[in-house]
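Data block for entry38.pdb (PDB, C-alpha atoms, pLDDT in the B column):
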```pdb
ATOM      1  CA  MET A 538     -16.168   1.586   2.403  1.00 47.00           C
ATOM      2  CA  ASN A 539     -19.841   1.806   3.272  1.00 48.00           C
ATOM      3  CA  THR A 540     -20.581   4.941   5.311  1.00 48.00           C
ATOM      4  CA  THR A 541     -24.343   4.506   5.575  1.00 50.00           C
ATOM      5  CA  PRO A 542     -25.505   3.747   9.104  1.00 49.00           C
ATOM      6  CA  SER A 543     -26.373   0.121   9.645  1.00 50.00           C
ATOM      7  CA  PRO A 544     -29.848  -0.783  10.881  1.00 53.00           C
ATOM      8  CA  ALA A 545     -30.477  -1.727  14.486  1.00 52.00           C
ATOM      9  CA  PRO A 546     -29.520  -5.338  15.203  1.00 51.00           C
ATOM     10  CA  THR A 547     -32.205  -7.975  15.401  1.00 59.00           C
ATOM     11  CA  ALA A 548     -32.275 -11.042  17.606  1.00 54.00           C
ATOM     12  CA  GLY A 549     -31.095 -13.368  14.823  1.00 71.00           C
ATOM     13  CA  ASP A 550     -28.224 -11.262  13.421  1.00 83.00           C
ATOM     14  CA  TRP A 551     -25.456 -13.274  15.051  1.00 85.00           C
ATOM     15  CA  GLU A 552     -27.037 -16.603  14.103  1.00 88.00           C
ATOM     16  CA  GLU A 553     -27.424 -15.378  10.518  1.00 87.00           C
ATOM     17  CA  LEU A 554     -23.737 -14.458  10.354  1.00 88.00           C
ATOM     18  CA  VAL A 555     -22.668 -17.812  11.802  1.00 88.00           C
ATOM     19  CA  THR A 556     -24.862 -19.674   9.322  1.00 89.00           C
ATOM     20  CA  THR A 557     -23.388 -17.655   6.453  1.00 87.00           C
ATOM     21  CA  ALA A 558     -19.863 -18.428   7.661  1.00 88.00           C
ATOM     22  CA  LEU A 559     -20.616 -22.148   7.930  1.00 89.00           C
ATOM     23  CA  LEU A 560     -22.263 -22.372   4.506  1.00 88.00           C
ATOM     24  CA  GLY A 561     -19.703 -20.143   2.823  1.00 87.00           C
ATOM     25  CA  THR A 562     -20.186 -16.848   1.063  1.00 85.00           C
ATOM     26  CA  ASP A 563     -20.481 -18.586  -2.318  1.00 85.00           C
ATOM     27  CA  ARG A 564     -23.720 -20.223  -1.170  1.00 84.00           C
ATOM     28  CA  ARG A 565     -25.042 -17.442   1.056  1.00 83.00           C
ATOM     29  CA  THR A 566     -24.022 -13.802   1.129  1.00 81.00           C
ATOM     30  CA  PRO A 567     -23.958 -11.637   4.239  1.00 79.00           C
ATOM     31  CA  PRO A 568     -26.950  -9.314   4.721  1.00 73.00           C
ATOM     32  CA  GLY A 569     -26.659  -6.184   2.588  1.00 75.00           C
ATOM     33  CA  CYS A 570     -23.880  -7.547   0.360  1.00 78.00           C
ATOM     34  CA  ALA A 571     -23.939  -8.646  -3.263  1.00 79.00           C
ATOM     35  CA  PRO A 572     -22.347 -11.985  -4.209  1.00 79.00           C
ATOM     36  CA  GLY A 573     -18.740 -11.757  -5.336  1.00 81.00           C
ATOM     37  CA  GLN A 574     -15.198 -11.317  -4.112  1.00 81.00           C
ATOM     38  CA  ASP A 575     -16.203  -8.716  -1.505  1.00 84.00           C
ATOM     39  CA  ALA A 576     -18.605 -11.082   0.303  1.00 87.00           C
ATOM     40  CA  PRO A 577     -15.988 -12.699   2.625  1.00 89.00           C
ATOM     41  CA  VAL A 578     -14.687  -9.271   3.660  1.00 89.00           C
ATOM     42  CA  ALA A 579     -18.245  -8.037   4.218  1.00 89.00           C
ATOM     43  CA  LEU A 580     -18.944 -11.102   6.378  1.00 89.00           C
ATOM     44  CA  LEU A 581     -15.895 -10.416   8.558  1.00 89.00           C
ATOM     45  CA  ASP A 582     -16.828  -6.731   8.833  1.00 90.00           C
ATOM     46  CA  ALA A 583     -20.401  -7.600   9.822  1.00 88.00           C
ATOM     47  CA  ALA A 584     -19.164 -10.108  12.407  1.00 89.00           C
ATOM     48  CA  ALA A 585     -16.829  -7.487  13.900  1.00 90.00           C
ATOM     49  CA  VAL A 586     -19.641  -4.935  14.128  1.00 88.00           C
ATOM     50  CA  GLU A 587     -22.014  -7.464  15.681  1.00 88.00           C
ATOM     51  CA  THR A 588     -19.354  -8.508  18.213  1.00 87.00           C
ATOM     52  CA  VAL A 589     -18.897  -4.898  19.315  1.00 88.00           C
ATOM     53  CA  ARG A 590     -22.677  -4.464  19.554  1.00 86.00           C
ATOM     54  CA  ARG A 591     -22.984  -7.585  21.683  1.00 83.00           C
ATOM     55  CA  ARG A 592     -20.195  -6.513  24.038  1.00 83.00           C
ATOM     56  CA  ALA A 593     -21.146  -2.838  24.317  1.00 86.00           C
ATOM     57  CA  GLY A 594     -22.479  -1.919  27.709  1.00 77.00           C
ATOM     58  CA  LEU A 595     -21.348  -5.078  29.460  1.00 78.00           C
ATOM     59  CA  SER A 596     -19.615  -4.618  32.772  1.00 79.00           C
ATOM     60  CA  PRO A 597     -16.290  -6.388  33.119  1.00 79.00           C
ATOM     61  CA  ALA A 598     -16.656  -9.619  35.063  1.00 83.00           C
ATOM     62  CA  ARG A 599     -14.358 -10.817  37.808  1.00 87.00           C
ATOM     63  CA  ALA A 600     -11.551 -12.998  36.607  1.00 87.00           C
ATOM     64  CA  ALA A 601     -12.110 -16.703  37.153  1.00 90.00           C
ATOM     65  CA  GLN A 602      -9.840 -18.609  39.509  1.00 93.00           C
ATOM     66  CA  ARG A 603      -6.784 -20.012  37.790  1.00 93.00           C
ATOM     67  CA  PRO A 604      -6.937 -23.725  37.001  1.00 93.00           C
ATOM     68  CA  GLU A 605      -4.804 -26.152  38.965  1.00 95.00           C
ATOM     69  CA  PRO A 606      -1.423 -26.959  37.372  1.00 95.00           C
ATOM     70  CA  ALA A 607      -1.276 -30.125  35.319  1.00 94.00           C
ATOM     71  CA  ALA A 608       0.212 -33.226  36.910  1.00 94.00           C
ATOM     72  CA  PRO A 609       3.852 -33.952  36.019  1.00 94.00           C
ATOM     73  CA  ASP A 610       4.296 -35.973  32.834  1.00 93.00           C
ATOM     74  CA  ALA A 611       5.813 -39.376  33.721  1.00 93.00           C
ATOM     75  CA  ARG A 612       6.515 -40.344  30.100  1.00 94.00           C
ATOM     76  CA  PRO A 613      10.157 -40.539  28.970  1.00 94.00           C
ATOM     77  CA  ALA A 614      11.573 -37.585  27.067  1.00 92.00           C
ATOM     78  CA  LEU A 615      11.586 -37.717  23.274  1.00 92.00           C
ATOM     79  CA  PRO A 616      14.804 -38.847  21.585  1.00 92.00           C
ATOM     80  CA  THR A 617      17.010 -36.165  20.035  1.00 89.00           C
TER      81      THR A 617
END
```
Before anything else, please render the file you have as structure tokens.
Amino acid sequence: MNTTPSPAPTAGDWEELVTTALLGTDRRTPPGCAPGQDAPVALLDAAAVETVRRRAGLSPARAAQRPEPAAPDARPALPT
């Protein structure tokens, strides 16, 4: 486990992590990680840290109004 403090996030950190996830860790490794079997775990760890950073300090929002119930389904029931 890496115990060194991570650097302050930059504006493109989240986009970099998403790009790495889309390309795959075989083609692009997460920042600060060497290629290999640990790269997928490092990507998930970095995404978790970045998610906490993005959410830290946000005030909880009011819950949205519940959606209207779906209309009844007029199709016949499936056979047993």
Problem - Separation of CA of Thr566 (chain A) from CA of Val578 (chain A), in Å and rounded to one decimal - result: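 Interatomic distance, CA of Thr566 (chain A) to CA of Val578 (chain A): 10.7 Å.
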Practice task
Name the closest residue to Glu552 (chain A) among the candidates A:Gly573, A:Pro604, A:Pro567, A:Pro613; distances are taken between atoms, counting all atoms listed in the file.
Solution key: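 Between A:Gly573, A:Pro604, A:Pro567, A:Pro613, the residue approaching Glu552 (chain A) most closely is A:Pro567.
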All file atoms of region 591-594 of chain A boxed axis-aligned, 4 Å per side, centre plus edges, as AutoDock Vina command-line options:
```
--center_x -21.6 --center_y -4.8 --center_z 24.7 --size_x 10.8 --size_y 13.7 --size_z 14.0
```
Problem - From A:Ala600, A:Ala584, A:Leu615, A:Ala593, residue lying nearest Thr556 (chain A) [all atoms listed in the file] - result: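 That would be A:Ala584, the residue with the smallest distance to Thr556 (chain A).
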Handout entry: Reference answer for the PyMOL selection byres ((chain A and resi 568) around 12), as an NGL selection string
Key = :A and (543-544 or 546-547 or 549-558 or 562 or 565-567 or 569-572 or 576-577 or 579-584)
Fill in the blank from the handout: Taken to one decimal, the CA of Leu559 (chain A)-CA of Ala585 (chain A) distance is 16.3 Å
